[in-house]
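Participant: Quick one: the structure is below, questions incoming.
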Amino acid sequence: MARSASRSRSGAAQTRHSQAAALIGQRIVAGEWAVGVALPTEADLSRELDVSRASLREAIKLLAGKGLLSSTPRRGTIVQPHSNWNRLDVDVLVWQTSGGATKSFVKDLFELRRMIEPEAAALAAERASPEQRAEISETFEALASASDIQLSIDADLAFHRAIVRATNNVLLAAFQPAIEASLAVSFKVSRAGNVLLPYTVPMHRAVAEPILAGDADGARKAMMALLDRSETDAEIAAVEDNK
């Protein structure tokens, strides 16, 4: 019983420091604290966020690991230059769109996707095992039968995840969390209207069919066309950059 209570308290503490990190991280990414500026004192910030100093210290460590902050005894906790931020960190990706994705962010995001996904589709067409082809087919069918926007997004993520796995490239697989985070952000922006888009299923079918048929060039071209369409949708929903 005592061990169970201890685990419960530990989980609650972890949640509090994670929540504090998210609140601070969002404010840093939004520019509330400029690069080179020191955060408020530990006492003030813990009071403002309603967390213990111990939880706040853990939150600061977490954000330092993502490259957003550094702490020194004399200067305090300082916001780091953007070039130090781990832009592929899942949390940082999500925080960048918490107030709406900017047009420049959308541009960068789709440039990244074009560097990865068309070639991933081509490799999947060449290398996928029978089991991996079956997974791609099953995830596409789930997307085709999705009855609401969340089911559609979940199936879409699973479809793209299956394609990356089917490349059988272990280094690319290591980027899976960052790739999935970028996809989730992309879907969130491009489907901001919260409606099922009529061309989603046909365009994903156009990707699935050449992969299943072993047509690498066809898969590459279809994925590029899908990204072009998705970027157009995302640009419409994006907000203007801060001047």
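Chain labels run A, B, ... following the order of the structure tokens; each chain numbers its residues from 1, and ligands are numbered from 1 in the order shown.
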If we count only C-alpha atoms and set the cut-off at 6 Å, which residues sit around range 149-162 of chain A, ignoring sequence neighbours fewer than 6 positions away in its own chain? Please answer as a list in words.
Facilitator: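 So the residues in contact are Ile136, Thr139, Ala142, Leu143 and Leu196 of chain A.
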Participant: Take the residues from that selection and write them out as an mmCIF file, in the first residue's frame, keeping all heavy atoms.
Facilitator:
```
data_model
loop_
_atom_site.group_PDB
_atom_site.id
_atom_site.type_symbol
_atom_site.label_atom_id
_atom_site.label_comp_id
_atom_site.auth_asym_id
_atom_site.auth_seq_id
_atom_site.Cartn_x
_atom_site.Cartn_y
_atom_site.Cartn_z
ATOM 1 N N ILE A 136 0.538 -1.610 -44.601
ATOM 2 C CA ILE A 136 0.236 -0.404 -45.377
ATOM 3 C C ILE A 136 -1.184 -0.483 -45.938
ATOM 4 O O ILE A 136 -1.953 0.488 -45.887
ATOM 5 C CB ILE A 136 1.267 -0.216 -46.510
ATOM 6 C CG1 ILE A 136 2.630 0.155 -45.914
ATOM 7 C CG2 ILE A 136 0.813 0.867 -47.494
ATOM 8 C CD1 ILE A 136 3.776 0.126 -46.904
ATOM 9 N N THR A 139 -3.741 -0.040 -43.003
ATOM 10 C CA THR A 139 -3.852 1.337 -42.506
ATOM 11 C C THR A 139 -4.553 2.228 -43.533
ATOM 12 O O THR A 139 -5.298 3.146 -43.152
ATOM 13 C CB THR A 139 -2.470 1.915 -42.146
ATOM 14 O OG1 THR A 139 -1.588 1.802 -43.272
ATOM 15 C CG2 THR A 139 -1.863 1.185 -40.956
ATOM 16 N N ALA A 142 -8.229 1.581 -43.147
ATOM 17 C CA ALA A 142 -8.743 2.279 -41.968
ATOM 18 C C ALA A 142 -8.970 3.757 -42.269
ATOM 19 O O ALA A 142 -9.958 4.355 -41.826
ATOM 20 C CB ALA A 142 -7.765 2.122 -40.803
ATOM 21 N N LEU A 143 -8.062 4.349 -43.026
ATOM 22 C CA LEU A 143 -8.225 5.746 -43.428
ATOM 23 C C LEU A 143 -9.442 5.906 -44.324
ATOM 24 O O LEU A 143 -10.240 6.839 -44.155
ATOM 25 C CB LEU A 143 -6.968 6.216 -44.157
ATOM 26 C CG LEU A 143 -6.987 7.621 -44.776
ATOM 27 C CD1 LEU A 143 -7.178 8.682 -43.694
ATOM 28 C CD2 LEU A 143 -5.715 7.884 -45.560
ATOM 29 N N LEU A 196 -13.722 16.231 -42.994
ATOM 30 C CA LEU A 196 -13.079 15.215 -43.815
ATOM 31 C C LEU A 196 -12.944 15.748 -45.236
ATOM 32 O O LEU A 196 -13.944 16.087 -45.873
ATOM 33 C CB LEU A 196 -13.898 13.918 -43.786
ATOM 34 C CG LEU A 196 -13.947 13.192 -42.441
ATOM 35 C CD1 LEU A 196 -14.994 12.078 -42.475
ATOM 36 C CD2 LEU A 196 -12.584 12.613 -42.096
#
```
Participant: When you look at Ala21 in chain A with a cut-off of 7 Å (counting only C-alpha atoms), what residues show up, excluding the ones that are within fewer than 3 positions of it in the same chain? I need them as a list of chain:residue names.
Facilitator: A:His17, A:Ser18, A:Ile24, A:Gly25, A:Ala59, A:Ile60, A:Leu62, A:Leu63
Participant: Write the selection just made, keeping C-alpha atoms, as a PDB file, in the first residue's frame?
Facilitator:
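This is the output file out_9.pdb:
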```pdb
ATOM      1  CA  HIS A  17       7.068  19.324 -13.709  1.00  0.00           C
ATOM      2  CA  SER A  18       6.031  18.269 -17.224  1.00  0.00           C
ATOM      3  CA  ILE A  24       7.337  27.759 -19.887  1.00  0.00           C
ATOM      4  CA  GLY A  25       8.267  26.196 -23.238  1.00  0.00           C
ATOM      5  CA  ALA A  59      11.076  21.563 -15.596  1.00  0.00           C
ATOM      6  CA  ILE A  60      14.099  23.811 -16.179  1.00  0.00           C
ATOM      7  CA  LEU A  62      13.879  19.320 -19.120  1.00  0.00           C
ATOM      8  CA  LEU A  63      13.867  22.541 -21.143  1.00  0.00           C
TER       9      LEU A  63
END
```
Participant: Which is closest to Val189 in chain A among A:Asn168, A:Thr77, A:Ser129, A:Ser98, if we use only C-alpha atoms?
Facilitator: A:Ser98
Participant: Report the distance between CA of Glu117 in chain A and CA of Lys103 in chain A in Å, rounded to one decimal place.
Facilitator: 20.7 Å
Participant: Would you give me, as CSV, each residue of range 68-116 of chain A having an atom within 12 Å of an atom of range 169-177 of chain A, along with its shortest atom pair and that distance in Å to one decimal, using only C-alpha atoms and sorting by chain and residue number?
Facilitator:
```
residue,atom,partner,partner_atom,distance
A:Leu88,CA,A:Pro177,CA,8.7
A:Asp89,CA,A:Pro177,CA,8.3
A:Val90,CA,A:Pro177,CA,6.9
A:Asp91,CA,A:Pro177,CA,10.6
A:Leu93,CA,A:Pro177,CA,10.9
A:Met115,CA,A:Leu172,CA,11.9
A:Ile116,CA,A:Leu172,CA,8.8
```
Participant: Limited to N, CA, C and O atoms, could you put the picked residues into a file as a PDB file, in the first residue's frame?
Facilitator:
```
ATOM      1  N   LEU A  88      13.539  19.292 -33.705  1.00  0.00           N
ATOM      2  CA  LEU A  88      12.884  18.018 -33.981  1.00  0.00           C
ATOM      3  C   LEU A  88      12.350  17.352 -32.718  1.00  0.00           C
ATOM      4  O   LEU A  88      11.768  16.271 -32.790  1.00  0.00           O
ATOM      5  N   ASP A  89      12.546  18.002 -31.575  1.00  0.00           N
ATOM      6  CA  ASP A  89      11.962  17.480 -30.342  1.00  0.00           C
ATOM      7  C   ASP A  89      10.438  17.539 -30.448  1.00  0.00           C
ATOM      8  O   ASP A  89       9.862  18.529 -30.906  1.00  0.00           O
ATOM      9  N   VAL A  90       9.793  16.463 -30.029  1.00  0.00           N
ATOM     10  CA  VAL A  90       8.335  16.360 -30.166  1.00  0.00           C
ATOM     11  C   VAL A  90       7.634  17.532 -29.483  1.00  0.00           C
ATOM     12  O   VAL A  90       6.729  18.157 -30.051  1.00  0.00           O
ATOM     13  N   ASP A  91       8.025  17.844 -28.243  1.00  0.00           N
ATOM     14  CA  ASP A  91       7.378  18.934 -27.510  1.00  0.00           C
ATOM     15  C   ASP A  91       7.603  20.281 -28.189  1.00  0.00           C
ATOM     16  O   ASP A  91       6.672  21.086 -28.315  1.00  0.00           O
ATOM     17  N   LEU A  93       8.181  20.922 -31.309  1.00  0.00           N
ATOM     18  CA  LEU A  93       7.355  20.974 -32.517  1.00  0.00           C
ATOM     19  C   LEU A  93       5.914  21.360 -32.188  1.00  0.00           C
ATOM     20  O   LEU A  93       5.310  22.206 -32.847  1.00  0.00           O
ATOM     21  N   MET A 115      11.840  16.178 -48.060  1.00  0.00           N
ATOM     22  CA  MET A 115      13.164  15.564 -48.016  1.00  0.00           C
ATOM     23  C   MET A 115      13.097  14.096 -47.592  1.00  0.00           C
ATOM     24  O   MET A 115      13.995  13.321 -47.914  1.00  0.00           O
ATOM     25  N   ILE A 116      12.045  13.738 -46.876  1.00  0.00           N
ATOM     26  CA  ILE A 116      11.975  12.398 -46.286  1.00  0.00           C
ATOM     27  C   ILE A 116      10.941  11.496 -46.950  1.00  0.00           C
ATOM     28  O   ILE A 116      11.256  10.366 -47.374  1.00  0.00           O
TER      29      ILE A 116
END
```
Participant: With only C-alpha atoms as the counted atoms, please give the residues lying no more than 6 Å from Ala219 in chain A, apart from itself and same-chain residues fewer than 4 positions off, as a list in words.
Facilitator: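 Once the nearby chain positions are removed, what remains is Ala121, Ala122, Val207, Pro210 and Ile211 of chain A.
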Participant: Please write the residues from the selection above to a file, keeping N, CA, C and O atoms, as a compact mmCIF listing (two decimals), in the first residue's frame.
Facilitator:
```
# COMPACT_ATOMS: atom_id res chain seq x y z
N ALA A 121 8.66 6.51 -49.42
CA ALA A 121 7.65 5.76 -50.19
C ALA A 121 8.31 4.91 -51.26
O ALA A 121 7.93 3.75 -51.49
N ALA A 122 9.33 5.47 -51.93
CA ALA A 122 10.03 4.73 -52.97
C ALA A 122 10.77 3.52 -52.38
O ALA A 122 10.73 2.41 -52.93
N VAL A 207 -0.90 6.77 -53.37
CA VAL A 207 0.40 6.44 -52.76
C VAL A 207 0.48 4.95 -52.45
O VAL A 207 1.50 4.29 -52.72
N PRO A 210 1.03 2.12 -55.76
CA PRO A 210 2.36 1.83 -56.31
C PRO A 210 3.31 1.19 -55.30
O PRO A 210 4.17 0.39 -55.68
N ILE A 211 3.17 1.53 -54.02
CA ILE A 211 4.00 0.85 -53.02
C ILE A 211 3.69 -0.64 -53.02
O ILE A 211 4.60 -1.48 -53.06
```
Participant: Which residue, A:Leu68, A:Leu183, A:Leu56, A:Ala222, has the smallest gap to Val29 in chain A when you use only C-alpha atoms?
Facilitator: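 The answer is A:Leu68, which sits nearest to Val29 in chain A.
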Participant: I need the residue nearest Ala101 in chain A from this list: A:Thr72, A:Leu23, A:Asn86, A:Ala30. Use only C-alpha atoms for the distance.
Facilitator: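 Looking only at the distances to Ala101 in chain A, the closest residue turns out to be A:Ala30.
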Participant: Write out as a ChimeraX atom specification which residues come within 10 Å of Arg75 in chain A when counting only C-alpha atoms, dropping same-chain ones fewer than 6 positions away.
Facilitator: /A:37-39
Participant: Go ahead and write the selection's residues with all heavy atoms as a JSON list (two decimals), in the first residue's frame.
Facilitator:
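And here is the file that came out, part34.json:
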```json
[["chain", "number", "residue", "atom", "x", "y", "z"],
["A", 37, "VAL", "N", 17.37, 36.71, -22.47],
["A", 37, "VAL", "CA", 16.70, 37.25, -21.29],
["A", 37, "VAL", "C", 16.64, 36.18, -20.20],
["A", 37, "VAL", "O", 16.46, 35.00, -20.47],
["A", 37, "VAL", "CB", 15.28, 37.73, -21.65],
["A", 37, "VAL", "CG1", 14.45, 38.01, -20.41],
["A", 37, "VAL", "CG2", 15.35, 38.96, -22.54],
["A", 38, "ALA", "N", 16.78, 36.62, -18.94],
["A", 38, "ALA", "CA", 16.67, 35.70, -17.81],
["A", 38, "ALA", "C", 15.20, 35.52, -17.43],
["A", 38, "ALA", "O", 14.42, 36.48, -17.44],
["A", 38, "ALA", "CB", 17.45, 36.23, -16.63],
["A", 39, "LEU", "N", 14.84, 34.30, -17.10],
["A", 39, "LEU", "CA", 13.49, 34.03, -16.60],
["A", 39, "LEU", "C", 13.33, 34.67, -15.22],
["A", 39, "LEU", "O", 14.32, 35.02, -14.56],
["A", 39, "LEU", "CB", 13.28, 32.52, -16.48],
["A", 39, "LEU", "CG", 12.58, 31.82, -17.65],
["A", 39, "LEU", "CD1", 13.30, 32.06, -18.95],
["A", 39, "LEU", "CD2", 12.44, 30.32, -17.37]]
```
Participant: Return the single residue from A:Leu45, A:Ala184, A:Ala237, A:Pro118 that is closest to Thr102 in chain A, with distances computed using only C-alpha atoms.
Facilitator: A:Ala237
Participant: When DSSP works through the backbone of this structure, what residues of range 9-144 of chain A end up as strand (DSSP E or B), shown as a list in words?
Facilitator: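 Selecting the strand (DSSP E or B) positions of range 9-144 of chain A gives Ala38, Leu69, Ser70, Ser71, Thr72, Gly76, Thr77, Ile78, Val79 and Thr102 of chain A.
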Participant: Would you please give, as a VMD selection string, all residues of chain A that DSSP assigns to alpha helix (DSSP H) based on the backbone?
Facilitator: chain A and resid 2 to 29 42 to 49 53 to 65 90 to 95 103 to 127 130 to 145 149 to 165 170 to 174 176 to 190 200 to 213 216 to 237
Participant: Go through A:Ala208, A:Ala120, A:Glu240, A:Pro40 one by one, measure the shortest atom-to-atom distance of each to Glu141 in chain A using only C-alpha atoms, and give the residue with the smallest value.
Facilitator: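 For Glu141 in chain A, the nearest of the given residues is A:Ala208.
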Participant: Rank A:Ser190, A:Ser137, A:Thr41, A:Gln80 by their smallest atom-to-atom distance to Glu209 in chain A, using only C-alpha atoms, and report the top residue only.
Facilitator: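 Looking only at the distances to Glu209 in chain A, the closest residue turns out to be A:Ser137.
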Participant: One decimal, in Å: what's the spacing between CA of Glu235 in chain A and CA of Lys107 in chain A?
Facilitator: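 Computing it gives 8.1 Å between the two atoms.
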